[in-house]
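Peer 1: Questions regarding the structure given below will be posed in turn.
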Amino acid sequence: MTLAAAWLIMVFCGISIVALVITAAISWWQVRTKGSSNPTHVAIHAATLSFFVPGSVLILLGGFGWGLDRAIESRSMEPSGAGLPKRSHAAISDKSSMDSAPLAKDTALAVEMRVNGNRGSITLRPSETFTYGWTSRNASYCEMVSPVKQAISPSGTSRVIGPGGGPFYPEIGRSVTYAVICSVDGLQTVTDAVTILAQAADSDVVGKRYGLAANISANGIHGSITLRPGETFSYSWSSRGASVCELVSPAKSGIPASGTSTVIGPGDPFYPSPGHAITIAITCPGSEVWTVTDAVTIKAAK
């Protein structure tokens, strides 16, 4: 027996009992008011109230009960959680294990170089000193490959380097590149480098401060000049407080404290070509510590 059928029987029985009570009440009322009671009339009332009224109510409620029964049956057949995405215990377990797993250490090989705290390249003021440093990560071996080749520790800092520092200090018009290479077990390598440029000295400023001076010009012009096609030039230099000077660019040689070059024209190694300028630089020492420099750049018109 379904839940809906049992519910209908209970309703029918309840209505029948109520109808019988109403019939008895009507019969009692007729006896009190009229002094007599017709048994046939009472039976008709009882039949009407006990069967026809409950029957009508039963018919009306039958459709509702049948629909309710089907709905309950359909609901009971539907799987629990139907229509909702299910999350397996395995997935929850995997998520928990991922959240609780420790972060992996950074095992990447790396190296970084700096000069005076800067990366890439710097330009030194006249007589300015510098230091370079390097740090590596996860490296078992490091080596300097420029300007000299030698084994170095995985991390370190150089001594203070100033003018007269040999191959480690740039000459005027030139640069020095420091490069290191680091490896791990010889299987993987990384490199980094910094470049140091030397700035030409302002002779007037240096002369006023230290009593030294050096000046160089081309065709009587300081700084730089641009030659017309086929035009020749000569350069001249002078110094104060120095007994000798040195040509450091584009070639290196000893020169007097002052002088003038020969006339330089196309085909000479000191003559520029379009897109390739020539810097002529001199340095003049006034003592073992202080030197002054100056330079002039010659360009060729395109």
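By order of appearance in the structure tokens: chains A, B, ..., then residues from 1 within every chain, and ligands from 1 in the order shown.
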Taking 3 positions as the minimum chain separation for residues in the same chain, which residues sit within 9 Å of segment 127-129 of chain A when counting only C-alpha atoms? Answer as a PDB file with N, CA, C and O atoms, in the first residue's frame.
Peer 2:
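Output saved as out-v4.pdb:
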```pdb
ATOM      1  N   ASN A 116      80.792  49.317  -8.778  1.00  0.00           N
ATOM      2  CA  ASN A 116      80.340  50.458  -7.962  1.00  0.00           C
ATOM      3  C   ASN A 116      78.839  50.381  -7.695  1.00  0.00           C
ATOM      4  O   ASN A 116      78.136  51.401  -7.667  1.00  0.00           O
ATOM      5  N   LEU A 124      83.575  56.293 -15.798  1.00  0.00           N
ATOM      6  CA  LEU A 124      84.344  56.846 -14.688  1.00  0.00           C
ATOM      7  C   LEU A 124      84.723  58.289 -14.958  1.00  0.00           C
ATOM      8  O   LEU A 124      85.096  58.661 -16.080  1.00  0.00           O
ATOM      9  N   VAL A 160      90.038  47.979  -4.431  1.00  0.00           N
ATOM     10  CA  VAL A 160      89.793  49.277  -5.071  1.00  0.00           C
ATOM     11  C   VAL A 160      90.778  49.445  -6.229  1.00  0.00           C
ATOM     12  O   VAL A 160      91.992  49.257  -6.063  1.00  0.00           O
ATOM     13  N   ILE A 161      90.251  49.779  -7.393  1.00  0.00           N
ATOM     14  CA  ILE A 161      91.076  49.894  -8.601  1.00  0.00           C
ATOM     15  C   ILE A 161      91.046  51.346  -9.070  1.00  0.00           C
ATOM     16  O   ILE A 161      89.970  51.942  -9.210  1.00  0.00           O
ATOM     17  N   GLY A 162      92.224  51.916  -9.299  1.00  0.00           N
ATOM     18  CA  GLY A 162      92.325  53.297  -9.746  1.00  0.00           C
ATOM     19  C   GLY A 162      93.266  53.425 -10.932  1.00  0.00           C
ATOM     20  O   GLY A 162      93.740  52.419 -11.482  1.00  0.00           O
ATOM     21  N   PRO A 163      93.529  54.646 -11.364  1.00  0.00           N
ATOM     22  CA  PRO A 163      94.446  54.863 -12.477  1.00  0.00           C
ATOM     23  C   PRO A 163      95.787  54.176 -12.233  1.00  0.00           C
ATOM     24  O   PRO A 163      96.294  54.147 -11.116  1.00  0.00           O
ATOM     25  N   TYR A 169      92.190  48.828 -15.293  1.00  0.00           N
ATOM     26  CA  TYR A 169      91.665  50.194 -15.344  1.00  0.00           C
ATOM     27  C   TYR A 169      91.640  50.665 -16.791  1.00  0.00           C
ATOM     28  O   TYR A 169      92.641  50.568 -17.510  1.00  0.00           O
ATOM     29  N   ALA A 198      86.199  55.019 -19.536  1.00  0.00           N
ATOM     30  CA  ALA A 198      86.973  56.116 -18.950  1.00  0.00           C
ATOM     31  C   ALA A 198      86.605  57.412 -19.639  1.00  0.00           C
ATOM     32  O   ALA A 198      86.623  57.517 -20.867  1.00  0.00           O
ATOM     33  N   ALA A 201      89.354  63.751 -19.245  1.00  0.00           N
ATOM     34  CA  ALA A 201      89.414  64.751 -18.182  1.00  0.00           C
ATOM     35  C   ALA A 201      89.183  66.147 -18.730  1.00  0.00           C
ATOM     36  O   ALA A 201      89.536  66.460 -19.864  1.00  0.00           O
ATOM     37  N   TRP A 290      98.821  61.366  -9.724  1.00  0.00           N
ATOM     38  CA  TRP A 290      97.883  62.133 -10.523  1.00  0.00           C
ATOM     39  C   TRP A 290      98.325  62.213 -11.969  1.00  0.00           C
ATOM     40  O   TRP A 290      99.495  62.435 -12.267  1.00  0.00           O
ATOM     41  N   THR A 291      97.359  62.041 -12.849  1.00  0.00           N
ATOM     42  CA  THR A 291      97.580  62.227 -14.284  1.00  0.00           C
ATOM     43  C   THR A 291      96.401  63.020 -14.835  1.00  0.00           C
ATOM     44  O   THR A 291      95.329  63.055 -14.244  1.00  0.00           O
ATOM     45  N   VAL A 292      96.617  63.665 -15.954  1.00  0.00           N
ATOM     46  CA  VAL A 292      95.540  64.383 -16.630  1.00  0.00           C
ATOM     47  C   VAL A 292      95.441  63.844 -18.049  1.00  0.00           C
ATOM     48  O   VAL A 292      96.425  63.398 -18.634  1.00  0.00           O
TER      49      VAL A 292
END
```
Peer 1: So which residues touch segment 242-250 of chain A within 6 Å, counting only C-alpha atoms, skipping near sequence neighbours fewer than 5 positions away, as number ranges by chain?
Peer 2: A: 255-257, 280-286
Peer 1: Those residues you just picked out, can you put them in a file as a tab-separated table (two decimals), in the first residue's frame with N, CA and C atoms?
Peer 2:
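Written out: selection12.tsv:
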```tsv
chain	number	residue	atom	x	y	z
A	255	ILE	N	105.07	60.49	-26.12
A	255	ILE	CA	105.13	61.74	-26.87
A	255	ILE	C	105.66	62.83	-25.95
A	256	PRO	N	106.13	63.94	-26.51
A	256	PRO	CA	106.61	65.05	-25.67
A	256	PRO	C	105.46	65.69	-24.90
A	257	ALA	N	105.80	66.59	-24.00
A	257	ALA	CA	104.78	67.26	-23.21
A	257	ALA	C	103.90	68.17	-24.06
A	280	ILE	N	91.44	60.54	-30.58
A	280	ILE	CA	92.86	60.73	-30.28
A	280	ILE	C	92.94	61.25	-28.84
A	281	ALA	N	93.60	60.47	-27.98
A	281	ALA	CA	93.65	60.81	-26.56
A	281	ALA	C	95.09	60.77	-26.06
A	282	ILE	N	95.37	61.69	-25.14
A	282	ILE	CA	96.69	61.73	-24.50
A	282	ILE	C	96.50	61.73	-22.99
A	283	THR	N	97.51	61.31	-22.29
A	283	THR	CA	97.55	61.40	-20.83
A	283	THR	C	98.91	61.94	-20.44
A	284	CYS	N	98.90	62.82	-19.47
A	284	CYS	CA	100.14	63.45	-19.02
A	284	CYS	C	100.26	63.30	-17.51
A	285	PRO	N	101.26	62.59	-17.03
A	285	PRO	CA	101.41	62.41	-15.58
A	285	PRO	C	102.14	63.59	-14.95
A	286	GLY	N	101.62	63.99	-13.79
A	286	GLY	CA	102.29	65.06	-13.06
A	286	GLY	C	103.04	64.50	-11.87
```
Peer 1: Tell me which of A:Gly156, A:Gly241, A:Gly133, A:Pro274 sits closest to Thr226 of chain A, counting only C-alpha atoms.
Peer 2: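 Answer, going by the shortest atom-to-atom distance: A:Pro274.
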Peer 1: Can you pull out the residues contacting Val190 of chain A? Cut-off 9 Å, using only C-alpha atoms, and skip same-chain residues under 6 positions away; I want them as a list in words.
Peer 2: Leu109, Ala110, Val111, Val180, Ile181, Cys182 and Ser183 of chain A
